[in-house]
>>> print(open('protein-v4.cif').read())   # mmCIF, C-alpha atoms
data_upload
#
loop_
_atom_site.label_atom_id
_atom_site.label_comp_id
_atom_site.auth_asym_id
_atom_site.auth_seq_id
_atom_site.Cartn_x
_atom_site.Cartn_y
_atom_site.Cartn_z
CA MET A 1 0.65 -3.17 -10.58
CA PHE A 2 1.20 -2.76 -6.86
CA ALA A 3 -0.05 -6.29 -6.17
CA VAL A 4 1.95 -7.83 -9.04
CA VAL A 5 5.20 -6.10 -8.09
CA THR A 6 4.75 -6.91 -4.38
CA ILE A 7 4.19 -10.62 -5.08
CA LEU A 8 6.98 -10.81 -7.65
CA GLY A 9 9.26 -9.24 -5.06
CA GLN A 10 8.65 -12.31 -2.88
CA THR A 11 8.89 -15.02 -5.53
CA LEU A 12 12.06 -13.40 -6.94
CA ASP A 13 13.36 -12.93 -3.36
CA VAL A 14 14.47 -9.36 -3.98
CA ARG A 15 15.47 -8.97 -0.32
CA ASP A 16 18.34 -11.47 -0.62
CA ASP A 17 18.82 -12.21 -4.32
CA PRO A 18 20.48 -9.37 -6.30
CA ALA A 19 19.61 -11.14 -9.56
CA GLY A 20 15.94 -11.17 -8.57
CA LEU A 21 16.03 -7.47 -7.74
CA ALA A 22 17.67 -6.72 -11.09
CA LYS A 23 15.01 -8.73 -12.94
CA LEU A 24 12.16 -6.90 -11.22
CA PHE A 25 13.71 -3.53 -11.96
CA LEU A 26 14.25 -4.57 -15.59
CA TYR A 27 10.60 -5.62 -15.99
CA ILE A 28 9.39 -2.29 -14.61
CA PHE A 29 11.87 -0.35 -16.73
CA ILE A 30 10.85 -2.10 -19.96
CA LEU A 31 7.14 -1.73 -19.21
CA ALA A 32 7.58 1.98 -18.44
CA ILE A 33 9.32 2.48 -21.81
CA ILE A 34 6.55 0.62 -23.66
CA ILE A 35 3.76 2.56 -21.92
CA GLY A 36 5.53 5.86 -22.52
CA PHE A 37 6.16 5.03 -26.19
CA ILE A 38 2.53 4.09 -26.84
CA TYR A 39 0.67 6.66 -24.73
CA GLY A 40 3.15 9.44 -23.98
CA LYS A 41 2.73 12.68 -25.87
CA ASN A 42 3.47 16.36 -25.34
CA ASN A 43 5.83 15.60 -22.44
CA SER A 44 3.12 13.75 -20.49
CA ARG A 45 4.06 10.87 -18.17
CA PRO A 46 1.42 8.14 -18.47
CA TRP A 47 3.53 5.61 -16.57
CA CYS A 48 3.68 7.88 -13.51
CA ARG A 49 -0.01 8.70 -13.74
CA TYR A 50 -1.60 5.32 -14.48
CA TYR A 51 0.73 2.38 -13.88
CA CYS A 52 3.63 3.04 -11.49
CA PRO A 53 3.12 1.11 -8.21
CA ILE A 54 5.33 3.58 -6.34
CA GLY A 55 3.27 6.36 -7.89
CA LYS A 56 0.17 4.85 -6.31
CA ILE A 57 1.88 4.83 -2.90
CA LEU A 58 3.16 8.39 -3.27
CA GLY A 59 -0.20 9.51 -4.59
CA VAL A 60 -1.91 8.31 -1.43
CA VAL A 61 0.89 9.71 0.76
CA SER A 62 0.50 13.11 -0.87
CA ARG A 63 -3.02 13.24 0.51
CA LEU A 64 -1.41 13.51 3.96
CA GLY A 65 1.35 15.92 2.96
CA ILE A 66 1.86 19.50 4.06
CA ILE A 67 2.63 20.78 0.53
CA ASP A 68 -0.06 21.62 -2.00
CA PHE A 69 0.33 22.99 -5.54
CA ARG A 70 -2.82 24.97 -6.26
CA ALA A 71 -4.07 27.98 -8.17
CA ASN A 72 -2.95 31.30 -6.71
CA LYS A 73 -6.34 32.92 -7.18
CA GLY A 74 -8.34 30.06 -5.75
CA VAL A 75 -9.97 27.14 -7.53
CA PRO A 76 -13.14 28.01 -9.43
CA PRO A 77 -15.98 25.52 -9.89
CA LEU A 78 -15.35 23.12 -12.76
CA PRO A 79 -17.60 24.09 -15.72
CA LYS A 80 -19.57 21.33 -17.38
CA ASP A 81 -17.57 21.66 -20.59
CA GLN A 82 -14.23 21.20 -18.80
CA ARG A 83 -12.47 18.04 -17.67
CA TYR A 84 -10.47 17.64 -14.48
CA TYR A 85 -7.67 15.93 -16.44
CA VAL A 86 -6.65 17.12 -19.90
CA GLU A 87 -3.84 15.56 -21.92
CA GLY A 88 -1.12 17.63 -23.48
CA ARG A 89 -1.12 20.55 -21.07
CA LEU A 90 1.70 21.94 -18.92
CA CYS A 91 1.26 19.33 -16.19
CA PRO A 92 3.01 16.02 -17.06
CA THR A 93 0.31 14.06 -15.22
CA ASP A 94 -2.40 15.95 -17.13
CA TYR A 95 -4.06 18.01 -14.40
CA ASN A 96 -6.30 20.74 -15.75
CA LEU A 97 -4.36 23.11 -13.51
CA PRO A 98 -6.82 25.98 -12.94
CA TYR A 99 -9.26 23.42 -11.47
CA LYS A 100 -6.77 21.31 -9.50
CA THR A 101 -8.19 20.40 -6.06
CA SER A 102 -6.35 17.16 -5.21
CA THR A 103 -2.75 15.94 -4.99
CA ASN A 104 -3.19 12.24 -5.68
CA ASN A 105 -1.66 12.40 -9.17
CA CYS A 106 0.67 15.34 -8.53
CA ILE A 107 4.36 14.35 -8.70
CA ALA A 108 5.47 17.73 -7.29
CA CYS A 109 7.74 18.38 -10.27
CA GLY A 110 7.19 22.14 -9.98
CA ALA A 111 6.64 22.64 -13.71
CA CYS A 112 3.39 24.50 -13.06
CA ALA A 113 4.96 26.88 -10.53
CA TYR A 114 8.60 27.30 -11.62
CA GLY A 115 8.65 26.43 -15.33
CA LYS A 116 9.18 28.92 -18.14
CA LYS A 117 5.46 28.68 -18.90
CA LYS A 118 3.44 30.01 -16.01
CA ALA A 119 0.14 28.48 -14.99
CA GLY A 120 -0.91 30.75 -12.15
CA MET A 121 0.02 28.04 -9.63
CA GLY A 122 1.75 28.39 -6.28
CA ILE A 123 3.09 26.17 -3.52
CA TYR A 124 1.13 26.36 -0.28
CA ARG A 125 1.56 24.83 3.14
CA ARG A 126 -1.29 23.05 4.88
CA LYS A 127 -1.88 20.95 7.99
CA PRO A 128 -0.82 17.27 7.80
CA GLY A 129 -3.83 15.16 6.84
CA GLU A 130 -5.91 18.18 5.83
CA GLU A 131 -6.76 16.70 2.43
CA VAL A 132 -8.03 13.35 3.76
CA GLN A 133 -10.15 15.25 6.29
CA ASP A 134 -11.77 17.10 3.39
CA ILE A 135 -11.56 14.20 0.93
CA LEU A 136 -15.15 14.46 -0.30
CA ASN A 137 -14.22 17.82 -1.84
CA ARG A 138 -10.83 16.57 -3.09
CA ARG A 139 -11.87 14.07 -5.74
CA PRO A 140 -11.83 10.74 -3.87
CA ASN A 141 -11.79 7.60 -6.00
CA TRP A 142 -12.50 3.93 -5.46
CA SER A 143 -9.02 2.93 -6.61
CA GLU A 144 -7.55 4.64 -3.55
CA VAL A 145 -10.26 3.26 -1.27
CA ILE A 146 -9.42 -0.29 -2.40
CA PHE A 147 -5.70 0.43 -2.02
CA VAL A 148 -6.09 1.71 1.55
CA LEU A 149 -8.22 -1.31 2.52
CA PHE A 150 -6.20 -4.10 0.92
CA SER A 151 -2.55 -2.94 0.88
CA PRO A 152 -1.85 -3.60 4.63
CA GLY A 153 -2.79 -7.28 4.29
CA LEU A 154 -0.76 -7.71 1.11
CA SER A 155 2.30 -6.07 2.69
CA ALA A 156 2.02 -8.14 5.87
CA GLY A 157 1.51 -11.33 3.86
CA GLY A 158 4.95 -10.78 2.35
CA PHE A 159 6.40 -11.18 5.84
CA LEU A 160 4.09 -13.72 7.39
CA TRP A 161 4.50 -16.47 4.79
CA LEU A 162 8.17 -16.61 5.83
CA ILE A 163 7.74 -16.69 9.58
CA LEU A 164 4.45 -18.36 10.42
CA HIS A 165 4.09 -22.11 10.84
CA GLN A 166 0.67 -21.60 9.29
CA TYR A 167 2.19 -21.21 5.81
CA GLN A 168 4.34 -24.33 6.12
CA GLN A 169 1.32 -26.38 7.18
CA TYR A 170 -0.66 -24.94 4.30
CA ARG A 171 2.16 -25.78 1.86
CA ASP A 172 2.54 -29.33 3.19
CA THR A 173 -1.21 -29.96 2.99
CA ILE A 174 -1.56 -28.71 -0.58
CA GLY A 175 1.64 -30.41 -1.69
CA GLY A 176 0.52 -33.67 -0.08
CA TRP A 177 -2.74 -33.56 -1.99
CA PHE A 178 -0.92 -33.15 -5.32
CA LEU A 179 1.36 -36.08 -4.41
CA ASN A 180 -1.59 -38.29 -3.54
CA GLU A 181 -3.22 -37.39 -6.85
CA ASN A 182 0.07 -38.09 -8.67
CA ILE A 183 0.14 -34.57 -10.12
CA MET A 184 3.86 -33.97 -10.36
CA TRP A 185 4.25 -30.96 -12.64
CA ILE A 186 3.51 -28.66 -9.69
CA PHE A 187 6.87 -29.73 -8.18
CA HIS A 188 8.88 -28.83 -11.27
CA ARG A 189 11.21 -25.87 -11.00
CA ALA A 190 9.45 -22.60 -11.80
CA PRO A 191 10.87 -20.35 -14.54
CA SER A 192 13.71 -18.15 -13.37
CA TRP A 193 11.94 -15.02 -14.67
CA ILE A 194 9.28 -15.29 -11.95
CA SER A 195 11.13 -17.14 -9.18
CA SER A 196 14.36 -17.24 -7.24
CA GLN A 197 16.78 -19.98 -8.37
CA ARG A 198 19.81 -19.32 -6.20
CA TRP A 199 22.20 -22.07 -5.15
CA ASP A 200 20.41 -22.48 -1.82
CA GLN A 201 16.79 -22.29 -2.95
CA HIS A 202 14.91 -23.36 -6.03
CA TYR A 203 11.27 -22.34 -6.06
CA ASN A 204 8.95 -24.72 -7.86
CA TRP A 205 5.48 -24.03 -9.22
CA LEU A 206 3.99 -24.99 -5.85
CA ASP A 207 6.07 -22.34 -4.05
CA VAL A 208 5.31 -19.58 -6.53
CA SER A 209 1.59 -20.36 -6.60
CA LEU A 210 1.15 -20.69 -2.84
CA ILE A 211 3.17 -17.55 -2.02
CA ALA A 212 0.92 -15.55 -4.37
CA ILE A 213 -2.28 -17.14 -3.04
CA TYR A 214 -1.19 -16.71 0.59
CA MET A 215 -0.38 -13.01 0.16
CA LEU A 216 -3.56 -12.32 -1.79
CA SER A 217 -5.58 -14.20 0.83
CA TYR A 218 -4.16 -12.05 3.63
CA SER A 219 -4.93 -8.95 1.59
CA LEU A 220 -8.47 -10.11 0.89
CA VAL A 221 -9.25 -11.21 4.47
CA ILE A 222 -7.84 -8.10 6.18
CA GLY A 223 -9.37 -5.85 3.52
CA LEU A 224 -12.81 -7.40 3.90
CA ILE A 225 -12.64 -7.27 7.70
CA SER A 226 -11.72 -3.58 7.48
CA ALA A 227 -14.47 -2.90 4.94
CA ILE A 228 -17.09 -4.60 7.14
CA LEU A 229 -16.00 -2.79 10.30
CA ILE A 230 -15.81 0.59 8.56
CA SER A 231 -19.27 -0.06 7.09
CA LEU A 232 -20.64 -0.71 10.57
CA ALA A 233 -19.01 2.46 11.85
CA ALA A 234 -20.44 4.41 8.92
CA LEU A 235 -23.94 3.13 9.64
CA LEU A 236 -23.62 4.21 13.25
CA VAL A 237 -22.23 7.71 12.77
CA ARG A 238 -23.88 8.84 9.51
CA THR A 239 -26.63 11.42 9.53
CA ASN A 240 -29.44 12.29 7.15
CA THR A 241 -27.23 14.92 5.53
CA MET A 242 -24.60 12.42 4.37
CA SER A 243 -25.14 9.16 2.51
CA PHE A 244 -23.71 5.85 3.66
CA GLN A 245 -21.39 5.70 0.64
CA LYS A 246 -19.88 9.10 1.33
CA THR A 247 -19.49 8.30 5.03
CA PHE A 248 -17.77 5.01 4.18
CA ILE A 249 -15.36 6.71 1.77
CA LEU A 250 -14.60 9.47 4.25
CA LEU A 251 -13.86 7.04 7.10
CA THR A 252 -11.75 4.76 4.88
CA TYR A 253 -9.46 7.59 3.83
CA GLN A 254 -8.64 8.23 7.51
CA TYR A 255 -6.83 4.86 7.46
CA THR A 256 -4.23 6.27 5.06
CA PRO A 257 -1.47 6.65 7.72
CA VAL A 258 -1.66 3.03 8.89
CA ALA A 259 -1.94 1.75 5.31
CA ILE A 260 1.18 3.62 4.24
CA LEU A 261 3.17 2.63 7.34
CA SER A 262 2.28 -1.01 6.67
CA ILE A 263 3.91 -0.69 3.26
CA ILE A 264 6.93 1.12 4.70
CA ILE A 265 7.48 -1.61 7.30
CA GLY A 266 7.30 -4.15 4.51
CA LEU A 267 9.84 -2.24 2.43
CA CYS A 268 12.32 -1.59 5.25
CA GLY A 269 12.61 -5.18 6.49
CA LYS A 270 15.95 -5.70 4.75
CA PHE A 271 17.24 -2.41 6.12
CA PHE A 272 16.87 -3.63 9.69
CA GLU A 273 18.52 -6.97 8.81
CA VAL A 274 21.55 -5.09 7.46
CA MET A 275 21.64 -2.84 10.52
CA ASN A 276 21.61 -5.95 12.70
CA HIS A 277 24.19 -8.00 10.80
CA ASP A 278 26.61 -5.26 9.73
CA PHE A 279 26.22 -2.54 12.35
CA GLY A 280 25.22 -4.47 15.47
CA MET A 281 21.76 -2.95 15.96
CA SER A 282 19.94 -5.29 18.31
CA LEU A 283 16.74 -6.93 17.14
CA THR A 284 14.99 -5.44 20.16
CA ILE A 285 15.83 -1.91 19.04
CA ALA A 286 14.76 -2.71 15.47
CA ALA A 287 11.45 -4.10 16.73
CA GLY A 288 10.98 -1.03 18.90
CA ILE A 289 11.52 1.31 15.96
CA LYS A 290 9.03 -0.59 13.78
CA PHE A 291 6.48 -0.71 16.60
CA PHE A 292 6.92 3.01 17.24
CA MET A 293 6.36 3.83 13.56
CA LEU A 294 3.30 1.61 13.36
CA GLY A 295 2.00 2.93 16.68
CA VAL A 296 2.32 6.56 15.57
CA SER A 297 0.50 5.78 12.31
CA MET A 298 -2.30 4.08 14.23
CA LEU A 299 -2.66 7.00 16.62
CA TRP A 300 -2.73 9.38 13.66
CA THR A 301 -5.43 7.27 12.00
CA LEU A 302 -7.51 7.30 15.19
CA MET A 303 -7.10 11.07 15.58
CA LEU A 304 -8.16 11.67 11.97
CA ALA A 305 -11.11 9.29 12.35
CA TRP A 306 -12.27 10.96 15.56
CA LYS A 307 -12.15 14.42 13.98
CA VAL A 308 -14.12 13.19 11.00
CA ILE A 309 -16.70 11.44 13.18
CA LYS A 310 -17.19 14.63 15.21
CA LYS A 311 -17.59 16.55 11.95
CA ILE A 312 -20.21 14.09 10.66
CA ASN A 313 -22.13 13.85 13.91
CA ASN A 314 -21.32 16.52 16.47
CA LYS A 315 -23.84 15.31 19.04
CA HIS A 316 -21.29 12.87 20.55
CA GLY A 317 -23.98 10.39 21.43
CA LEU A 318 -23.69 6.70 22.14
CA MET A 319 -23.82 5.82 18.44
CA THR A 320 -20.86 8.10 17.77
CA LEU A 321 -18.79 6.49 20.51
CA MET A 322 -19.74 3.03 19.30
CA GLY A 323 -18.70 3.97 15.76
CA PHE A 324 -15.31 5.16 16.98
CA GLY A 325 -15.01 1.99 19.08
CA ILE A 326 -15.41 -0.10 15.91
CA ILE A 327 -12.66 1.95 14.22
CA LEU A 328 -10.47 1.25 17.26
CA ILE A 329 -11.17 -2.49 16.96
CA ASN A 330 -10.21 -2.41 13.29
CA VAL A 331 -6.90 -0.71 14.06
CA GLY A 332 -6.32 -3.39 16.69
CA VAL A 333 -6.87 -6.10 14.04
CA ILE A 334 -4.15 -4.53 11.89
CA LEU A 335 -1.81 -4.38 14.90
CA TYR A 336 -2.52 -8.04 15.68
CA MET A 337 -1.72 -8.92 12.06
CA TRP A 338 1.65 -7.15 12.18
CA TRP A 339 2.68 -8.34 15.65
CA PRO A 340 4.58 -11.51 14.58
CA ALA A 341 6.46 -9.66 11.84
CA ILE A 342 7.54 -6.86 14.21
CA PHE A 343 8.46 -8.78 17.36
CA GLY A 344 9.83 -11.95 15.84
CA HIS A 345 8.79 -15.49 16.51
CA VAL A 346 9.89 -18.70 18.18
CA TYR A 347 9.08 -20.92 15.23
CA MET A 348 11.19 -20.51 12.11
CA SER A 349 9.87 -22.15 8.96
CA GLU A 350 12.07 -24.29 6.76
CA VAL A 351 11.84 -21.65 4.04
CA GLU A 352 13.15 -18.99 6.42
CA GLN A 353 15.94 -21.29 7.66
CA ILE A 354 17.05 -21.81 4.07
CA ARG A 355 17.01 -18.07 3.42
CA LYS A 356 19.15 -17.46 6.50
CA HIS A 357 21.57 -20.23 5.44
CA ILE A 358 20.85 -22.21 8.60
CA ILE A 359 20.05 -25.38 6.64
CA VAL A 360 20.68 -26.59 3.11
CA PRO A 361 17.51 -27.55 1.18
CA ARG A 362 16.82 -31.22 0.75
#
>>> encode(input="protein-v4.cif", output="structure tokens")
Amino acid sequence: MFAVVTILGQTLDVRDDPAGLAKLFLYIFILAIIIGFIYGKNNSRPWCRYYCPIGKILGVVSRLGIIDFRANKGVPPLPKDQRYYVEGRLCPTDYNLPYKTSTNNCIACGACAYGKKKAGMGIYRRKPGEEVQDILNRRPNWSEVIFVLFSPGLSAGGFLWLILHQYQQYRDTIGGWFLNENIMWIFHRAPSWISSQRWDQHYNWLDVSLIAIYMLSYSLVIGLISAILISLAALLVRTNTMSFQKTFILLTYQYTPVAILSIIIGLCGKFFEVMNHDFGMSLTIAAGIKFFMLGVSMLWTLMLAWKVIKKINNKHGLMTLMGFGIILINVGVILYMWWPAIFGHVYMSEVEQIRKHIIVPR
């Protein structure tokens, strides 16, 4: 859902086309009603738990948060005949509350702590990032691991296809091949329900397809690079007391701050455009703010990773330093990826010129 909504946001041009934004919201609204009608029961919220793309983002963010809803008398071990999630209980996202140890599906509604029906739950404060530091005891899952690895590339791809000459060359090459092969349907106007059809831009099937492929490619490439580098770091720092898989999962979760800030930078692009056009904020200040946010998230990721590495292997030997060095390289790759989107560019693609009303499409 996160990938679909992110890509549709580009093909519908939700940043500049109000009609596109309304369509995307309508699709989500209708799907949420359908999911709730089919699967919702006893006041549960299956859309929030299983499908909502914002829920996935907030679920990962909550791992870093300072607020934790947990049992007042401590969390007992989960008996074999109990399930961590049980439908139809007090919690709308189906936590089996006495055994709740994670926050990834908690929507912080307060029903368990402040509702008429009491569940023996309280609200507790904790250190920022405490849960990702102890993630192996907080029900990690591969869905979140994949999200942390691949969401930065997908978010950045939504910027870079507009500003890099690379995309225009890619589009011209693919489009030229279809022309040479006399395959013309690809140049027909795409349906308005998946593409922007404003007066100044009419996306065809080539545009819609290549935007999706380009963004997914960035996500895949950056995600695989991160996975390979984290795997190398895990091999270097792991000990006999912790398996490679657990070490890999633990190190990946420490990338949560930079993954989330990548998404935030992607979401707030229009905000800085408005601040520039309507309130006179200089582009230099806007770039500085984005760089500061990304820089802080990267430093936080490195701090979390270093603490985890010391916890895994407290001998601080050469292998430990090399493992942290690989983590540092990976963070640098993410910074390199975001650099053009943060600090602007000299080249402006034809697509971007059309969006900015500099030229009228041919």
>>> resolve_selection(input="protein-v4.cif", expression="the PyMOL selection byres ((chain A and resi 217-224) around 6)", output="PDB file with C-alpha atoms, in the frame of the given file")
ATOM      1  CA  LEU A 149      -8.220  -1.310   2.520  1.00  0.00           C
ATOM      2  CA  PHE A 150      -6.200  -4.100   0.920  1.00  0.00           C
ATOM      3  CA  GLY A 153      -2.790  -7.280   4.290  1.00  0.00           C
ATOM      4  CA  LEU A 154      -0.760  -7.710   1.110  1.00  0.00           C
ATOM      5  CA  GLY A 157       1.510 -11.330   3.860  1.00  0.00           C
ATOM      6  CA  ILE A 213      -2.280 -17.140  -3.040  1.00  0.00           C
ATOM      7  CA  TYR A 214      -1.190 -16.710   0.590  1.00  0.00           C
ATOM      8  CA  MET A 215      -0.380 -13.010   0.160  1.00  0.00           C
ATOM      9  CA  LEU A 216      -3.560 -12.320  -1.790  1.00  0.00           C
ATOM     10  CA  ILE A 225     -12.640  -7.270   7.700  1.00  0.00           C
ATOM     11  CA  SER A 226     -11.720  -3.580   7.480  1.00  0.00           C
ATOM     12  CA  ALA A 227     -14.470  -2.900   4.940  1.00  0.00           C
TER      13      ALA A 227
END
>>> closest_residue(input="protein-v4.cif", among="A:Ala111, A:Leu250, A:Val148, A:Leu229", to="A:Leu328", atoms="all atoms listed in the file")
A:Leu229
>>> resolve_selection(input="protein-v4.cif", expression="the PyMOL selection byres ((chain A and resi 269) around 10)", output="list of chain:residue names")
A:Arg15, A:Phe159, A:Ile264, A:Ile265, A:Gly266, A:Leu267, A:Cys268, A:Lys270, A:Phe271, A:Phe272, A:Glu273, A:Val274, A:Ala286, A:Lys290, A:Ala341, A:Ile342
>>> resolve_selection(input="protein-v4.cif", expression="the PyMOL selection byres ((chain A and resi 314-327) around 7)", output="list in words")
Leu229, Ile230, Ala233, Leu236, Val237, Trp306, Lys310, Lys311, Ile312, Asn313, Leu328, Ile329, Asn330 and Val331 of chain A
>>> closest_residue(input="protein-v4.cif", among="A:Tyr114, A:Tyr99, A:Phe147, A:Trp185", to="A:Lys56", atoms="only C-alpha atoms")
A:Phe147
>>> closest_residue(input="protein-v4.cif", among="A:Asp94, A:Asp16, A:Asp207, A:Asp68", to="A:Arg125", atoms="only C-alpha atoms")
A:Asp68
>>> residues_around(input="protein-v4.cif", residues="A:Cys106", least_positions_apart="6", cutoff="9 Å", atoms="only C-alpha atoms", output="number ranges by chain")
A: 49, 59, 62, 69, 91-93, 95
>>> closest_residue(input="protein-v4.cif", among="A:Thr256, A:Thr101, A:Ser282, A:Asn182", to="A:Pro152", atoms="all atoms listed in the file")
A:Thr256
>>> closest_residue(input="protein-v4.cif", among="A:Gln169, A:Ser231, A:Asn180, A:Gln10", to="A:Thr247", atoms="only C-alpha atoms")
A:Ser231
>>> closest_residue(input="protein-v4.cif", among="A:Gly158, A:Asp17, A:Asn137, A:Gln254", to="A:Met337", atoms="only C-alpha atoms")
A:Gly158
>>> atom_distance(input="protein-v4.cif", atom1="atom CA of A:Leu232", atom2="atom CA of A:Gly129")
23.4 Å
>>> atom_distance(input="protein-v4.cif", atom1="atom CA of A:Ile35", atom2="atom CA of A:Tyr84")
22.0 Å
>>> atom_distance(input="protein-v4.cif", atom1="atom CA of A:Leu304", atom2="atom CA of A:Arg238")
16.2 Å
>>> residues_around(input="protein-v4.cif", residues="A:Ser151", least_positions_apart="6", cutoff="9 Å", atoms="only C-alpha atoms", output="list in words")
Phe2, Ala3, Ser219, Gly223, Ala259, Ile260, Ser262 and Ile263 of chain A
>>> decode(input="protein-v4.cif", residues="stretch 89-136 of chain A", atoms="C-alpha atoms", output="PDB file, in the first residue's frame")
ATOM      1  CA  ARG A  89     -10.804  -7.428  22.452  1.00  0.00           C
ATOM      2  CA  LEU A  90     -10.604  -3.934  23.947  1.00  0.00           C
ATOM      3  CA  CYS A  91      -7.748  -2.842  21.676  1.00  0.00           C
ATOM      4  CA  PRO A  92      -8.995  -1.723  18.213  1.00  0.00           C
ATOM      5  CA  THR A  93      -5.810  -3.048  16.601  1.00  0.00           C
ATOM      6  CA  ASP A  94      -6.250  -6.389  18.382  1.00  0.00           C
ATOM      7  CA  TYR A  95      -3.324  -6.438  20.806  1.00  0.00           C
ATOM      8  CA  ASN A  96      -3.634  -9.109  23.468  1.00  0.00           C
ATOM      9  CA  LEU A  97      -3.022  -6.333  25.980  1.00  0.00           C
ATOM     10  CA  PRO A  98      -1.606  -8.205  29.004  1.00  0.00           C
ATOM     11  CA  TYR A  99       1.200  -9.475  26.730  1.00  0.00           C
ATOM     12  CA  LYS A 100       1.841  -6.283  24.749  1.00  0.00           C
ATOM     13  CA  THR A 101       5.592  -5.696  24.292  1.00  0.00           C
ATOM     14  CA  SER A 102       5.750  -3.620  21.088  1.00  0.00           C
ATOM     15  CA  THR A 103       4.224  -0.402  19.747  1.00  0.00           C
ATOM     16  CA  ASN A 104       4.308  -1.057  16.012  1.00  0.00           C
ATOM     17  CA  ASN A 105       0.535  -1.558  15.714  1.00  0.00           C
ATOM     18  CA  CYS A 106      -0.476   0.704  18.606  1.00  0.00           C
ATOM     19  CA  ILE A 107      -2.400   3.788  17.434  1.00  0.00           C
ATOM     20  CA  ALA A 108      -2.182   5.407  20.897  1.00  0.00           C
ATOM     21  CA  CYS A 109      -5.963   5.786  21.107  1.00  0.00           C
ATOM     22  CA  GLY A 110      -5.879   5.386  24.900  1.00  0.00           C
ATOM     23  CA  ALA A 111      -8.820   2.978  25.004  1.00  0.00           C
ATOM     24  CA  CYS A 112      -6.808   0.499  27.068  1.00  0.00           C
ATOM     25  CA  ALA A 113      -5.755   3.105  29.640  1.00  0.00           C
ATOM     26  CA  TYR A 114      -8.604   5.644  29.777  1.00  0.00           C
ATOM     27  CA  GLY A 115     -11.677   3.786  28.497  1.00  0.00           C
ATOM     28  CA  LYS A 116     -14.630   2.734  30.625  1.00  0.00           C
ATOM     29  CA  LYS A 117     -13.329  -0.840  30.471  1.00  0.00           C
ATOM     30  CA  LYS A 118      -9.988  -1.098  32.204  1.00  0.00           C
ATOM     31  CA  ALA A 119      -7.233  -3.360  30.941  1.00  0.00           C
ATOM     32  CA  GLY A 120      -4.563  -2.833  33.561  1.00  0.00           C
ATOM     33  CA  MET A 121      -2.576  -0.676  31.119  1.00  0.00           C
ATOM     34  CA  GLY A 122      -0.672   2.523  31.761  1.00  0.00           C
ATOM     35  CA  ILE A 123       1.242   5.152  29.803  1.00  0.00           C
ATOM     36  CA  TYR A 124       4.977   5.141  30.442  1.00  0.00           C
ATOM     37  CA  ARG A 125       7.835   7.320  29.290  1.00  0.00           C
ATOM     38  CA  ARG A 126      10.994   5.820  27.842  1.00  0.00           C
ATOM     39  CA  LYS A 127      14.185   6.963  26.139  1.00  0.00           C
ATOM     40  CA  PRO A 128      13.924   7.845  22.412  1.00  0.00           C
ATOM     41  CA  GLY A 129      14.903   4.815  20.350  1.00  0.00           C
ATOM     42  CA  GLU A 130      14.764   2.449  23.326  1.00  0.00           C
ATOM     43  CA  GLU A 131      12.496  -0.006  21.510  1.00  0.00           C
ATOM     44  CA  VAL A 132      14.678  -0.336  18.392  1.00  0.00           C
ATOM     45  CA  GLN A 133      17.691  -0.877  20.654  1.00  0.00           C
ATOM     46  CA  ASP A 134      15.851  -3.802  22.236  1.00  0.00           C
ATOM     47  CA  ILE A 135      14.002  -4.830  19.073  1.00  0.00           C
ATOM     48  CA  LEU A 136      14.782  -8.541  19.355  1.00  0.00           C
TER      49      LEU A 136
END
